[in-house]
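Chemist: I'd like to ask some things about the structure below.
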Amino acid sequence: MTSTGPDDGSRLRPLAAGRGPLLERGGHVVHTARRLGELASGRPPGITGHQWSTAGRAVLDVVVCDGGTGRPVFAVEFTTPTPEAQREIRMRDAVYAALGLAVLRIQSATLRPGPHARRVAEYLIDARGYTAGMPEPGDPEAEQPVGFRDIVGRLPDGRSGHVNDLGAIARAAAVEAYVARQLVDPIVRGLHVRWTNGAVEGWAWAEVRPGRCLVERILLWEHRFSCGVDAARLAGDLAVTAIGEHLRRIDAGEPDLVPRSDLGRDFEALRSRRGEMAHRFDFDHLTFD
């Protein structure tokens with residue numbers, strides 16, 4: 001009979017020694033590219049052998065472990081918007097739930113684990129650490145501090161702004177590109193929505209040529225995961241970060257651009273799905289002629 005692990009409720013085990021971690025930060029050790037099966041002490045109850053053999057081979061791009069025990073605390077997946085086998089995704093999600101593993105899934109056409117895993121891991125660890133030290137929301141006797149994402153300080157370009165905005169560097173790069181006449185508008189605009197199915201979606205766009213925009217779209221799913229920053233807001237910041245990736249390479253050639261009319265149709269499609277949104281978004285200020 002196949003073992004389903006210990007009976008003490010602990011389904012996650014310390015990662016075995018192997019290749020060195022990506023980084024150590026805030027009492028955590030961060031590993032990359034580890035199979036889901038490496039994180040578990042055995043097949044958890046309620047998971048079939050087929051589910052386990054399939055999901056166990058899935059690779060988690062980032063695994064953040066407790067620095068003392070070595071046990072996984074949370075993981076991050078980077079996926080692309082190309083059609084994936086939904087059945088395999090559902091099996092992975094079922095295993096995450098059975099193991100009690102917190103996972104953040106980031107779907108992006110631009111963001112990849114290689115160049116972005118470290119920054120994302122650092123941000124999530126710092127945000128969770130900051131939130132852990134905050135009083136419980138709604139405590140009438142405790143003064144609620146500023147949220148992690150709303151802390152104001154000095155940005156890399158010397159201006160004052162939200163230092164924990166993942167898109168801050170990209171926003172500054174857009175201003176520099178505008179000054180260099182590489183953009184016709186220095187502002188990276190965006191929106192974010194939360195869907196009733198649990199997904200959150202962030203959009204960002206910058207007008208590069210008159211009537212033609214650079215557009216990025218990010219989808220996030222939180223499985224038992226929270227870092228103290230609203231997921232929809234995080235998705236919007238990551239979309240701006242993806243815009244910044246294109247701006248860094250704009251000297252090498254113009255990126256693929258979307259006509260404003262097409263972008264307008266995309267937002268009309270979003271508007272038509274208001275009934276599927278967990279919180280209604282005000283589309284009235286989004287006009288694309």
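All residue names refer to the structure tokens as shown: chains lettered A, B, ... in order, residues numbered from 1 in each chain, ligands numbered from 1 in order.
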Near Leu247 in chain A, within 12 Å and counting only C-alpha atoms, which residues show up once chain neighbours fewer than 3 positions away are dropped, as a ChimeraX atom specification?
Modeler: /A:169-178,180,182-183,186,188,205-208,214-215,240-244,250-256
Chemist: Which residues, written as a ChimeraX atom specification, have at least one atom at most 8 Å from Ala235 in chain A, with only C-alpha atoms counted and residues fewer than 2 positions away on the same chain left out?
Modeler: /A:192,200-203,218-220,231-233,237-239
Chemist: Would you save the residues of that selection, restricted to N, CA and C atoms, as an mmCIF file, in the first residue's frame?
Modeler:
```cif
data_model
loop_
_atom_site.group_PDB
_atom_site.id
_atom_site.type_symbol
_atom_site.label_atom_id
_atom_site.label_comp_id
_atom_site.auth_asym_id
_atom_site.auth_seq_id
_atom_site.Cartn_x
_atom_site.Cartn_y
_atom_site.Cartn_z
ATOM 1 N N HIS A 192 -7.570 47.233 -12.191
ATOM 2 C CA HIS A 192 -7.561 45.873 -11.672
ATOM 3 C C HIS A 192 -8.964 45.498 -11.238
ATOM 4 N N VAL A 200 -7.956 37.335 -9.823
ATOM 5 C CA VAL A 200 -7.870 38.789 -9.909
ATOM 6 C C VAL A 200 -7.090 39.123 -11.172
ATOM 7 N N GLU A 201 -7.379 40.283 -11.740
ATOM 8 C CA GLU A 201 -6.807 40.639 -13.027
ATOM 9 C C GLU A 201 -6.308 42.070 -12.996
ATOM 10 N N GLY A 202 -5.083 42.273 -13.468
ATOM 11 C CA GLY A 202 -4.516 43.615 -13.544
ATOM 12 C C GLY A 202 -4.124 43.944 -14.970
ATOM 13 N N TRP A 203 -4.431 45.165 -15.409
ATOM 14 C CA TRP A 203 -4.072 45.650 -16.737
ATOM 15 C C TRP A 203 -3.200 46.880 -16.584
ATOM 16 N N ILE A 218 -2.183 40.794 -16.387
ATOM 17 C CA ILE A 218 -1.735 39.803 -15.403
ATOM 18 C C ILE A 218 -2.960 39.195 -14.737
ATOM 19 N N LEU A 219 -2.936 37.888 -14.545
ATOM 20 C CA LEU A 219 -3.958 37.197 -13.758
ATOM 21 C C LEU A 219 -3.279 36.551 -12.555
ATOM 22 N N LEU A 220 -3.917 36.664 -11.399
ATOM 23 C CA LEU A 220 -3.401 36.044 -10.177
ATOM 24 C C LEU A 220 -4.477 35.154 -9.565
ATOM 25 N N ALA A 231 -4.751 41.450 -3.500
ATOM 26 C CA ALA A 231 -4.268 40.723 -4.677
ATOM 27 C C ALA A 231 -4.553 41.465 -5.974
ATOM 28 N N ALA A 232 -5.697 42.136 -6.059
ATOM 29 C CA ALA A 232 -6.013 42.875 -7.279
ATOM 30 C C ALA A 232 -5.037 44.031 -7.478
ATOM 31 N N ARG A 233 -4.683 44.680 -6.384
ATOM 32 C CA ARG A 233 -3.704 45.762 -6.469
ATOM 33 C C ARG A 233 -2.331 45.211 -6.836
ATOM 34 N N ASP A 237 0.087 46.155 -10.075
ATOM 35 C CA ASP A 237 1.501 46.536 -9.968
ATOM 36 C C ASP A 237 2.382 45.623 -10.815
ATOM 37 N N LEU A 238 2.067 44.332 -10.830
ATOM 38 C CA LEU A 238 2.855 43.401 -11.648
ATOM 39 C C LEU A 238 2.675 43.682 -13.137
ATOM 40 N N ALA A 239 1.475 44.111 -13.524
ATOM 41 C CA ALA A 239 1.259 44.470 -14.925
ATOM 42 C C ALA A 239 2.119 45.665 -15.310
#
```
Chemist: Can you tell me, as a ChimeraX atom specification, what residues are no more than 12 Å from Leu104 in chain A when counting only C-alpha atoms, ignoring any on the same chain fewer than 5 positions away?
Modeler: /A:60-64,73-79,93,96,120-121,124,198-200,219-227,231,234-235
Chemist: Take the selection from the previous step and output its residues with N, CA, C and O atoms, as a short mmCIF file (atom, residue, chain, number, x, y, z; two decimals), in the first residue's frame.
Modeler:
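And here's out_1.cif as it stands now:
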```
data_model
loop_
_atom_site.label_atom_id
_atom_site.label_comp_id
_atom_site.auth_asym_id
_atom_site.auth_seq_id
_atom_site.Cartn_x
_atom_site.Cartn_y
_atom_site.Cartn_z
N LEU A 60 7.30 23.80 -9.07
CA LEU A 60 6.99 25.10 -8.47
C LEU A 60 8.19 26.02 -8.70
O LEU A 60 9.32 25.66 -8.37
N ASP A 61 7.93 27.19 -9.25
CA ASP A 61 9.03 28.08 -9.63
C ASP A 61 9.74 28.67 -8.42
O ASP A 61 10.96 28.88 -8.44
N VAL A 62 9.00 28.96 -7.35
CA VAL A 62 9.57 29.52 -6.13
C VAL A 62 8.97 28.78 -4.94
O VAL A 62 7.75 28.61 -4.86
N VAL A 63 9.80 28.33 -4.03
CA VAL A 63 9.34 27.72 -2.78
C VAL A 63 10.03 28.44 -1.62
O VAL A 63 11.26 28.42 -1.52
N VAL A 64 9.24 29.09 -0.79
CA VAL A 64 9.77 29.84 0.35
C VAL A 64 9.60 28.99 1.60
O VAL A 64 8.47 28.60 1.95
N VAL A 73 6.66 27.32 3.41
CA VAL A 73 5.68 28.29 3.93
C VAL A 73 4.70 28.68 2.83
O VAL A 73 3.50 28.71 3.05
N PHE A 74 5.23 28.98 1.65
CA PHE A 74 4.37 29.23 0.49
C PHE A 74 5.19 29.04 -0.78
O PHE A 74 6.42 28.92 -0.73
N ALA A 75 4.49 29.00 -1.89
CA ALA A 75 5.14 28.79 -3.19
C ALA A 75 4.53 29.74 -4.21
O ALA A 75 3.44 30.27 -4.03
N VAL A 76 5.26 29.95 -5.31
CA VAL A 76 4.81 30.81 -6.40
C VAL A 76 4.97 30.06 -7.71
O VAL A 76 6.00 29.43 -7.96
N GLU A 77 3.93 30.12 -8.54
CA GLU A 77 3.97 29.58 -9.89
C GLU A 77 3.92 30.73 -10.90
O GLU A 77 3.12 31.65 -10.74
N PHE A 78 4.74 30.67 -11.93
CA PHE A 78 4.63 31.57 -13.06
C PHE A 78 4.07 30.74 -14.23
O PHE A 78 4.64 29.70 -14.59
N THR A 79 2.98 31.20 -14.82
CA THR A 79 2.42 30.51 -15.98
C THR A 79 2.22 31.51 -17.11
O THR A 79 2.24 32.73 -16.89
N ASP A 93 -4.22 21.98 -7.87
CA ASP A 93 -4.92 22.76 -6.86
C ASP A 93 -5.49 21.87 -5.76
O ASP A 93 -5.49 22.23 -4.59
N TYR A 96 -2.57 20.98 -3.56
CA TYR A 96 -2.22 22.12 -2.71
C TYR A 96 -3.14 22.18 -1.49
O TYR A 96 -2.69 22.37 -0.36
N VAL A 120 10.13 39.04 -6.80
CA VAL A 120 8.79 38.69 -6.30
C VAL A 120 8.89 38.03 -4.93
O VAL A 120 8.12 38.35 -4.02
N ALA A 121 9.84 37.09 -4.76
CA ALA A 121 10.00 36.43 -3.47
C ALA A 121 10.35 37.42 -2.38
O ALA A 121 9.79 37.38 -1.27
N LEU A 124 7.20 39.49 -1.46
CA LEU A 124 6.19 38.74 -0.71
C LEU A 124 6.65 38.45 0.72
O LEU A 124 5.86 38.54 1.67
N GLY A 198 -12.61 33.85 -7.98
CA GLY A 198 -11.41 33.90 -7.15
C GLY A 198 -10.20 34.48 -7.82
O GLY A 198 -9.23 34.82 -7.14
N ALA A 199 -10.22 34.60 -9.14
CA ALA A 199 -9.08 35.20 -9.84
C ALA A 199 -9.12 36.72 -9.72
O ALA A 199 -10.18 37.32 -9.53
N VAL A 200 -7.96 37.33 -9.82
CA VAL A 200 -7.87 38.79 -9.91
C VAL A 200 -7.09 39.12 -11.17
O VAL A 200 -6.26 38.34 -11.63
N LEU A 219 -2.94 37.89 -14.54
CA LEU A 219 -3.96 37.20 -13.76
C LEU A 219 -3.28 36.55 -12.56
O LEU A 219 -2.19 35.97 -12.69
N LEU A 220 -3.92 36.66 -11.40
CA LEU A 220 -3.40 36.04 -10.18
C LEU A 220 -4.48 35.15 -9.56
O LEU A 220 -5.66 35.48 -9.60
N TRP A 221 -4.02 34.05 -8.98
CA TRP A 221 -4.88 33.20 -8.16
C TRP A 221 -4.18 32.98 -6.82
O TRP A 221 -2.99 32.63 -6.79
N GLU A 222 -4.90 33.17 -5.73
CA GLU A 222 -4.36 32.93 -4.39
C GLU A 222 -4.98 31.64 -3.83
O GLU A 222 -6.20 31.55 -3.70
N HIS A 223 -4.14 30.66 -3.54
CA HIS A 223 -4.59 29.43 -2.91
C HIS A 223 -4.08 29.43 -1.47
O HIS A 223 -2.90 29.19 -1.22
N ARG A 224 -4.97 29.76 -0.54
CA ARG A 224 -4.62 29.84 0.88
C ARG A 224 -3.51 30.87 1.12
O ARG A 224 -2.86 30.85 2.16
N PHE A 225 -3.28 31.75 0.17
CA PHE A 225 -2.14 32.67 0.24
C PHE A 225 -2.62 34.09 0.51
O PHE A 225 -3.64 34.53 -0.02
N SER A 226 -1.85 34.80 1.31
CA SER A 226 -2.05 36.24 1.50
C SER A 226 -0.73 36.84 1.95
O SER A 226 0.01 36.23 2.73
N CYS A 227 -0.42 38.03 1.41
CA CYS A 227 0.79 38.71 1.85
C CYS A 227 0.47 40.06 2.49
O CYS A 227 1.37 40.84 2.78
N ALA A 231 -4.75 41.45 -3.50
CA ALA A 231 -4.27 40.72 -4.68
C ALA A 231 -4.55 41.47 -5.97
O ALA A 231 -3.74 41.43 -6.91
N LEU A 234 -1.98 44.05 -6.29
CA LEU A 234 -0.71 43.41 -6.63
C LEU A 234 -0.68 43.05 -8.11
O LEU A 234 0.35 43.23 -8.78
N ALA A 235 -1.79 42.55 -8.64
CA ALA A 235 -1.85 42.22 -10.06
C ALA A 235 -1.63 43.46 -10.92
O ALA A 235 -0.92 43.41 -11.93
#
```
Chemist: DSSP on the backbone, then: every residue of range 140-192 of chain A marked strand (DSSP E or B), written as an NGL selection string.
Modeler: :A and (152-154 or 160-162 or 189-192)
Chemist: Those residues with N, CA, C and O atoms, as a short mmCIF file (atom, residue, chain, number, x, y, z; two decimals), in the first residue's frame please?
Modeler:
```cif
data_model
loop_
_atom_site.label_atom_id
_atom_site.label_comp_id
_atom_site.auth_asym_id
_atom_site.auth_seq_id
_atom_site.Cartn_x
_atom_site.Cartn_y
_atom_site.Cartn_z
N VAL A 152 5.10 55.52 2.14
CA VAL A 152 5.68 56.54 1.26
C VAL A 152 7.13 56.79 1.67
O VAL A 152 7.45 56.86 2.86
N GLY A 153 8.00 56.89 0.69
CA GLY A 153 9.41 57.17 0.94
C GLY A 153 10.07 57.67 -0.32
O GLY A 153 9.39 58.10 -1.27
N ARG A 154 11.38 57.59 -0.36
CA ARG A 154 12.13 58.09 -1.52
C ARG A 154 12.30 56.96 -2.54
O ARG A 154 12.78 55.88 -2.21
N SER A 160 9.48 61.35 -4.23
CA SER A 160 8.75 60.73 -3.14
C SER A 160 7.58 59.95 -3.71
O SER A 160 6.91 60.40 -4.65
N GLY A 161 7.34 58.75 -3.17
CA GLY A 161 6.23 57.94 -3.67
C GLY A 161 6.10 56.66 -2.87
O GLY A 161 6.73 56.49 -1.82
N HIS A 162 5.26 55.75 -3.36
CA HIS A 162 5.03 54.47 -2.68
C HIS A 162 6.21 53.54 -2.95
O HIS A 162 6.35 53.00 -4.06
N ARG A 189 -0.91 53.77 -17.30
CA ARG A 189 -2.26 53.70 -16.75
C ARG A 189 -2.64 52.25 -16.50
O ARG A 189 -2.02 51.32 -17.04
N GLY A 190 -3.66 52.04 -15.69
CA GLY A 190 -4.03 50.67 -15.39
C GLY A 190 -5.35 50.54 -14.69
O GLY A 190 -6.00 51.53 -14.32
N LEU A 191 -5.75 49.31 -14.51
CA LEU A 191 -6.95 48.97 -13.74
C LEU A 191 -6.76 47.57 -13.18
O LEU A 191 -5.90 46.81 -13.62
N HIS A 192 -7.57 47.23 -12.19
CA HIS A 192 -7.56 45.87 -11.67
C HIS A 192 -8.96 45.50 -11.24
O HIS A 192 -9.73 46.34 -10.78
#
```
Chemist: Which polymer residues have any atom within 9 Å of an atom of Gly100 in chain A, counting only C-alpha atoms, with same-chain residues fewer than 2 positions away left out, as a list in words?
Modeler: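 Residues near the query, excluding close chain neighbours: Ser10, Arg11, Leu12, Val95, Tyr96, Ala97, Ala98, Ala102 and Arg224 of chain A.
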Chemist: For a quick check of understanding, using only C-alpha atoms, which of A:Leu257, A:Cys213, A:Ala127, A:Val193 has the smallest distance to Val229 in chain A?
Modeler: A:Ala127
Chemist: Can you tell me which residues surround Arg35 in chain A at a distance of at most 10 Å, considering only C-alpha atoms, apart from same-chain residues fewer than 4 positions away, and format the answer as a list in words?
Modeler: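 Counting only C-alpha atoms, the residues come to Leu39, Ala40, Ala55, Gly56, Arg57, Ala58, Val59, Leu60, Asp61 and Val63 of chain A.
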Chemist: If you run DSSP on the backbone here, which positions in range 97-146 of chain A get alpha helix (DSSP H)? Please write them as a PyMOL selection string.
Modeler: chain A and resi 97-99+113-132
Chemist: Determine the nearest neighbour of Arg92 in chain A from the options A:Leu36, A:Ala117, A:Asn164, A:Val30, counting only C-alpha atoms.
Modeler: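 Residue with the minimum atom-to-atom distance to Arg92 in chain A: A:Leu36.
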Chemist: Just checking: using only C-alpha atoms, which residue out of A:Arg260, A:Arg194, A:Arg128, A:Arg159 ends up closest to Glu276 in chain A?
Modeler: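 Of all the options, A:Arg194 lies closest to Glu276 in chain A.
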Chemist: Between A:Gly67, A:Gly228, A:Gly20, A:Pro72, single out the one closest to Tyr123 in chain A, counting only C-alpha atoms.
Modeler: A:Gly228
